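> The structure that follows is given in the form of structure tokens.
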Amino acid sequence: MRFHNRFLVTAAILTSAFGTVSASHAVDLSIVTGWEGRDLQILRANLAVYEDRTGNKVEIVPLPRYTNDQFERYSLWLTAQNEEIDLYMTDSTWAPQLSEHFLDMTFAAENVIPNHFPVTIESQTVDGKLLALPIYAEATALYYRKDLLEKHVAFVPASWSEMVDTARSIQEAERAGGNLEMVGFVFPGALGEDLTATALEWIKSHGGGQIVEPDGTISINNTRAAEALKIALSWIGDIAPLAVLEYTEEDARKVWDAGNAVFFRASSDEFARSKAENAPLKDLFEMTSLPIGQGGSSPAATLGGWNVAVSRYTPHPEEATALALFLASSDVQEQRAIQQGKLPTIVALYNDIDVTTQQPGIRRWKGILENAVQLPAAATKHNYNVVNSEFWTAVHNTLSASGSAEENVTILERRLKRVKGANWR
């Protein structure tokens with residue numbers, strides 16, 4: 001295993017990373033990604049600019065778009081210390097789980113780190129090492145039928161209790177008017193990471209912590225976390241259908257697209273999809289930040305997005321790190337925001353005139369990202385997948401009325417302590 005001195009990496013970036021170099025000094029790099037379609041087209045265009053500026057060549061190594069398959073392939077290659085892949089495009093929880101295989105870019109990126117939303121940097125930092133640079137963020141929001149709120153003279157809810165009251169009253173009125181399929185609220189309630197993210201938002205917004213705190217402390221067994229889950233249980237069979245316990249995000253989206261939901265919890269990518277020219281609800285919906293719970297101080301949207309990490313086994317650490325910095329740069333993030341509406345992780349771009357002119361709706365996500373909460377991957381490292389599974393199981397048990405919320409968070413705490421042992425690893 002190589003050790004690459006941080007000063008060598010930084011020196012290369014500062015001296016000639018973005019200047020034209022002679023062919024004799026040019027290197028060949030490779031970057032692996034599962035991106036497709038427009039994402040891949042823009043990446044190719046970005047890499048062409050990098051190649052023109054540096055003389056280096058970059059090969060894209062494509063993988064299937066299914067994220068589980070990508071992560072497994074990444075893990076396999078990195079464990080084998082594959083020297084043929086220099087950079088990896090990583091989902092928000094991947095770099096912390098593969099932390100020993102990526103270069104620490106803290107020193108190389110020290111001048112640009114303050115430009116990003118803190119949570120986007122913290123989510124990629126393990127034991128003080130910045131393992132991946134953010135390219136764009138994703139977050140979650142509450143989507144609502146503005147036409148139905150106007151029809152029934154209702155306000156956009158700021159709290160979960162207001163959301164429940166509005167959802168219930170509109171659901172009942174619409175059903176009385178003949179739409180027997182109308183429900184108040186849909187979300188992904190099936191076993192899986194989407195349920196982890198959704199329930200984390202409920203708990204954090206009620207002041208119940210983050211399951212495992214950034215310092216590694218297991219915090220889930222507390223009264224506010226249990227109360228948040230009890231409140232969510234009360235929605236099942238009331239404003240949310242019983243079937244929500246089997247809904248993936250795609251299942252919830254189908255109910256939304258059919259016009260049969262007042263409120264829908266979904267990611268930032270949903271906004272562009274639902275505003276598309278042929279979308280069924282194109283002019284009938286809006287979005288707002290997720291509600292605040294009793295005892296909470298702010299909304300909590302789960303952070304997602306994509307990042308770029310540099311392999312410890314690359315033969316070209318300086319050039320690969322320079323490429324990572326370029327792909328995460330303000331110019332590249334600005335382009336992606338304008339062309340695709342992707343959420344920048346660089347705060348200043350939310351006031352950029354070109355971005356806000358081309359994508360006027362993007363400003364509303366700034367406040368959401370300021371209050372975003374990260375999944376506990378950076379805190380739990382290799383144990384994240386186990387923590388994730390244990391948490392979504394406890395939540396699903398609670399929503400299915402299999403044990404009380406208090407019992408389930410107590411059992412969860414006990415299980416997580418066994419997983420943690422002396423320390424997360």
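Chain lettering (A, B, ...) mirrors the order of the structure tokens, residue numbering begins at 1 for each chain separately, and ligand numbering begins at 1 in order of display.
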Counting only C-alpha atoms, which residues of region 305-383 of chain A sit at most 12 Å from some atom of region 48-65 of chain A, and what is each one's closest atom pair with its distance in Å to one decimal, listed by chain and rising residue number, as CSV?


residue,atom,partner,partner_atom,distance
A:His316,CA,A:Asn56,CA,10.9
A:Glu318,CA,A:Asn56,CA,11.9
A:Glu319,CA,A:Asn56,CA,8.3
A:Ala320,CA,A:Val58,CA,9.7
A:Ala322,CA,A:Tyr50,CA,9.5
A:Leu323,CA,A:Tyr50,CA,7.3
A:Ala324,CA,A:Tyr50,CA,10.5
A:Leu325,CA,A:Tyr50,CA,10.8
A:Phe326,CA,A:Tyr50,CA,7.6
A:Leu327,CA,A:Tyr50,CA,8.9
A:Ser329,CA,A:Tyr50,CA,11.7
A:Asp331,CA,A:Val49,CA,11.3
A:Val332,CA,A:Val49,CA,10.1

> Could you pull out the strand (DSSP E or B) residues of region 259-401 of chain A from DSSP and send them as a list in words?

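Everything in region 259-401 of chain A that counts as strand (DSSP E or B) is Ala261, Val262, Phe263, Phe264, Arg265, Ala266, Ser267, Phe285, Glu286, Met287, Thr288, Ile292, Thr302, Gly304, Gly305, Trp306, Asn307, Val308, Ala309, Val310, Ser311, Leu343, Ile346 and Val373 of chain A.
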
> With C-alpha atoms retained, export the selected residues as an mmCIF file, in the first residue's frame.


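Final output, saved to again.cif:
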data_model
loop_
_atom_site.group_PDB
_atom_site.id
_atom_site.type_symbol
_atom_site.label_atom_id
_atom_site.label_comp_id
_atom_site.auth_asym_id
_atom_site.auth_seq_id
_atom_site.Cartn_x
_atom_site.Cartn_y
_atom_site.Cartn_z
ATOM 1 C CA ALA A 261 -51.803 12.429 -2.284
ATOM 2 C CA VAL A 262 -51.928 15.832 -0.619
ATOM 3 C CA PHE A 263 -48.343 15.636 0.698
ATOM 4 C CA PHE A 264 -45.345 13.636 -0.498
ATOM 5 C CA ARG A 265 -41.911 13.357 1.128
ATOM 6 C CA ALA A 266 -39.323 13.106 -1.658
ATOM 7 C CA SER A 267 -35.824 14.090 -2.726
ATOM 8 C CA PHE A 285 -47.699 21.295 -6.829
ATOM 9 C CA GLU A 286 -45.014 23.106 -4.879
ATOM 10 C CA MET A 287 -42.442 22.166 -2.268
ATOM 11 C CA THR A 288 -41.360 23.420 1.123
ATOM 12 C CA ILE A 292 -40.573 20.823 12.527
ATOM 13 C CA THR A 302 -31.499 13.996 4.904
ATOM 14 C CA GLY A 304 -27.587 12.915 -0.179
ATOM 15 C CA GLY A 305 -25.604 13.617 -3.293
ATOM 16 C CA TRP A 306 -22.437 12.610 -5.113
ATOM 17 C CA ASN A 307 -18.774 13.048 -4.374
ATOM 18 C CA VAL A 308 -15.416 12.137 -5.886
ATOM 19 C CA ALA A 309 -12.700 10.206 -4.055
ATOM 20 C CA VAL A 310 -9.097 9.429 -4.983
ATOM 21 C CA SER A 311 -7.824 5.880 -4.614
ATOM 22 C CA LEU A 343 -27.921 21.433 -5.939
ATOM 23 C CA ILE A 346 -20.824 25.631 -2.622
ATOM 24 C CA VAL A 373 -28.736 15.957 8.560
#

> What's around region 193-209 of chain A at 6 Å? Count only C-alpha atoms, leave out sequence neighbours fewer than 6 positions away in its own chain, and write the answer as number ranges by chain.

A: 224-225, 228, 292-296, 299-302, 392

> Please report, as CSV, each residue of region 75-142 of chain A lying at most 12 Å from region 337-340 of chain A, together with the nearest pair of atoms and the separation in Å rounded to one decimal; use only C-alpha atoms, and order rows by chain and ascending residue number.


residue,atom,partner,partner_atom,distance
A:Ile135,CA,A:Ala337,CA,10.5
A:Tyr136,CA,A:Ala337,CA,8.5
A:Ala137,CA,A:Ala337,CA,10.4
A:Glu138,CA,A:Ala337,CA,11.8

> As a ChimeraX atom specification, please: all residues of region 259-415 of chain A that backbone DSSP puts in alpha helix (DSSP H).

/A:269-274,317-327,330-340,353-358,364-370,377-380,384-399,405-415

> In Å, with one decimal, what is the gap from CA of Lys381 (chain A) to CA of Gly367 (chain A)?

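We find that CA of Lys381 (chain A) and CA of Gly367 (chain A) lie 27.9 Å from each other.
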
> Determine the nearest neighbour of Tyr313 (chain A) from the options A:Ile85, A:Ile411, A:Ile42, A:Ala26, counting only C-alpha atoms.

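The shortest atom-to-atom distance to Tyr313 (chain A) comes from A:Ile85.
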
> Tell me which protein, DNA and RNA residues are within 12 Å of Thr90 (chain A), counting only C-alpha atoms, leaving out same-chain ones fewer than 3 positions away, and put them as a ChimeraX atom specification.

/A:31-35,67-68,70-75,87,93-99,102,123-124,131-137,304-311,324

> Pull N, CA and C atoms from the residues just selected and write them as a compact mmCIF listing (two decimals), in the first residue's frame.


# COMPACT_ATOMS: atom_id res chain seq x y z
N ILE A 31 -11.63 7.20 -14.19
CA ILE A 31 -12.63 7.50 -13.16
C ILE A 31 -13.82 6.57 -13.37
N VAL A 32 -14.31 5.96 -12.30
CA VAL A 32 -15.39 4.99 -12.41
C VAL A 32 -16.68 5.62 -11.90
N THR A 33 -17.77 5.37 -12.63
CA THR A 33 -19.06 5.94 -12.26
C THR A 33 -20.19 5.09 -12.83
N GLY A 34 -21.32 5.17 -12.20
CA GLY A 34 -22.53 4.54 -12.71
C GLY A 34 -23.48 5.54 -13.32
N TRP A 35 -23.02 6.78 -13.49
CA TRP A 35 -23.87 7.81 -14.08
C TRP A 35 -24.24 7.45 -15.51
N THR A 67 -27.10 1.25 -7.50
CA THR A 67 -26.08 1.68 -6.55
C THR A 67 -25.51 0.54 -5.73
N ASN A 68 -26.31 -0.46 -5.37
CA ASN A 68 -25.76 -1.58 -4.61
C ASN A 68 -24.68 -2.30 -5.40
N GLN A 70 -22.82 -1.01 -7.73
CA GLN A 70 -21.64 -0.14 -7.81
C GLN A 70 -20.81 -0.25 -6.54
N PHE A 71 -21.45 -0.15 -5.40
CA PHE A 71 -20.72 -0.18 -4.14
C PHE A 71 -19.97 -1.50 -3.97
N GLU A 72 -20.61 -2.60 -4.31
CA GLU A 72 -19.95 -3.90 -4.19
C GLU A 72 -18.74 -4.00 -5.10
N ARG A 73 -18.86 -3.46 -6.32
CA ARG A 73 -17.73 -3.48 -7.23
C ARG A 73 -16.60 -2.58 -6.70
N TYR A 74 -16.95 -1.41 -6.19
CA TYR A 74 -15.94 -0.53 -5.61
C TYR A 74 -15.18 -1.26 -4.49
N SER A 75 -15.93 -1.88 -3.61
CA SER A 75 -15.33 -2.57 -2.47
C SER A 75 -14.39 -3.67 -2.93
N LEU A 87 -9.87 7.41 -9.68
CA LEU A 87 -10.91 8.15 -8.94
C LEU A 87 -12.21 7.38 -8.97
N THR A 93 -22.78 7.92 1.34
CA THR A 93 -22.35 7.08 2.47
C THR A 93 -21.20 6.14 2.13
N TRP A 94 -20.70 6.18 0.90
CA TRP A 94 -19.74 5.16 0.48
C TRP A 94 -18.31 5.40 0.95
N ALA A 95 -17.82 6.62 0.78
CA ALA A 95 -16.42 6.89 1.15
C ALA A 95 -16.15 6.58 2.63
N PRO A 96 -17.03 6.95 3.57
CA PRO A 96 -16.76 6.58 4.96
C PRO A 96 -16.66 5.08 5.19
N GLN A 97 -17.43 4.30 4.43
CA GLN A 97 -17.37 2.84 4.60
C GLN A 97 -16.10 2.24 4.02
N LEU A 98 -15.48 2.96 3.08
CA LEU A 98 -14.27 2.47 2.41
C LEU A 98 -13.08 3.35 2.76
N SER A 99 -13.11 3.92 3.94
CA SER A 99 -12.22 5.03 4.30
C SER A 99 -10.74 4.71 4.15
N PHE A 102 -9.03 5.46 0.51
CA PHE A 102 -9.02 6.74 -0.19
C PHE A 102 -8.00 7.70 0.42
N SER A 123 -19.88 15.02 6.16
CA SER A 123 -20.38 13.69 5.78
C SER A 123 -19.32 12.85 5.09
N GLN A 124 -18.26 13.51 4.57
CA GLN A 124 -17.20 12.80 3.87
C GLN A 124 -15.90 12.77 4.67
N LEU A 131 -12.24 12.39 2.79
CA LEU A 131 -12.06 11.25 1.90
C LEU A 131 -12.64 11.46 0.51
N ALA A 132 -13.56 12.40 0.37
CA ALA A 132 -14.18 12.67 -0.93
C ALA A 132 -14.62 14.12 -0.97
N LEU A 133 -14.60 14.69 -2.17
CA LEU A 133 -15.02 16.07 -2.36
C LEU A 133 -16.42 16.10 -2.93
N PRO A 134 -17.30 16.95 -2.39
CA PRO A 134 -18.68 17.01 -2.89
C PRO A 134 -18.77 17.60 -4.29
N ILE A 135 -19.57 16.98 -5.13
CA ILE A 135 -19.82 17.47 -6.49
C ILE A 135 -21.18 18.14 -6.56
N TYR A 136 -22.19 17.51 -6.02
CA TYR A 136 -23.50 18.15 -5.86
C TYR A 136 -24.24 17.46 -4.74
N ALA A 137 -25.21 18.16 -4.19
CA ALA A 137 -25.97 17.66 -3.06
C ALA A 137 -27.37 17.24 -3.50
N GLY A 304 -28.07 13.90 0.78
CA GLY A 304 -27.59 12.91 -0.18
C GLY A 304 -26.67 13.62 -1.15
N GLY A 305 -26.41 12.98 -2.27
CA GLY A 305 -25.60 13.62 -3.29
C GLY A 305 -24.43 12.75 -3.71
N TRP A 306 -23.56 13.34 -4.54
CA TRP A 306 -22.44 12.61 -5.11
C TRP A 306 -21.14 13.35 -4.87
N ASN A 307 -20.09 12.56 -4.74
CA ASN A 307 -18.77 13.05 -4.37
C ASN A 307 -17.73 12.34 -5.23
N VAL A 308 -16.49 12.79 -5.15
CA VAL A 308 -15.42 12.14 -5.89
C VAL A 308 -14.25 11.87 -4.93
N ALA A 309 -13.78 10.63 -4.93
CA ALA A 309 -12.70 10.21 -4.06
C ALA A 309 -11.52 9.72 -4.88
N VAL A 310 -10.33 9.85 -4.31
CA VAL A 310 -9.10 9.43 -4.98
C VAL A 310 -8.56 8.17 -4.31
N SER A 311 -8.31 7.16 -5.12
CA SER A 311 -7.82 5.88 -4.61
C SER A 311 -6.42 6.02 -4.03
N ALA A 324 -9.97 15.73 -9.01
CA ALA A 324 -11.07 15.74 -8.03
C ALA A 324 -11.43 17.18 -7.65

> Measuring atom to atom with only C-alpha atoms, identify which of A:Leu148, A:Ala232, A:Ile121, A:Ile362 is nearest to Phe271 (chain A).

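That would be A:Ile362, the residue with the smallest distance to Phe271 (chain A).
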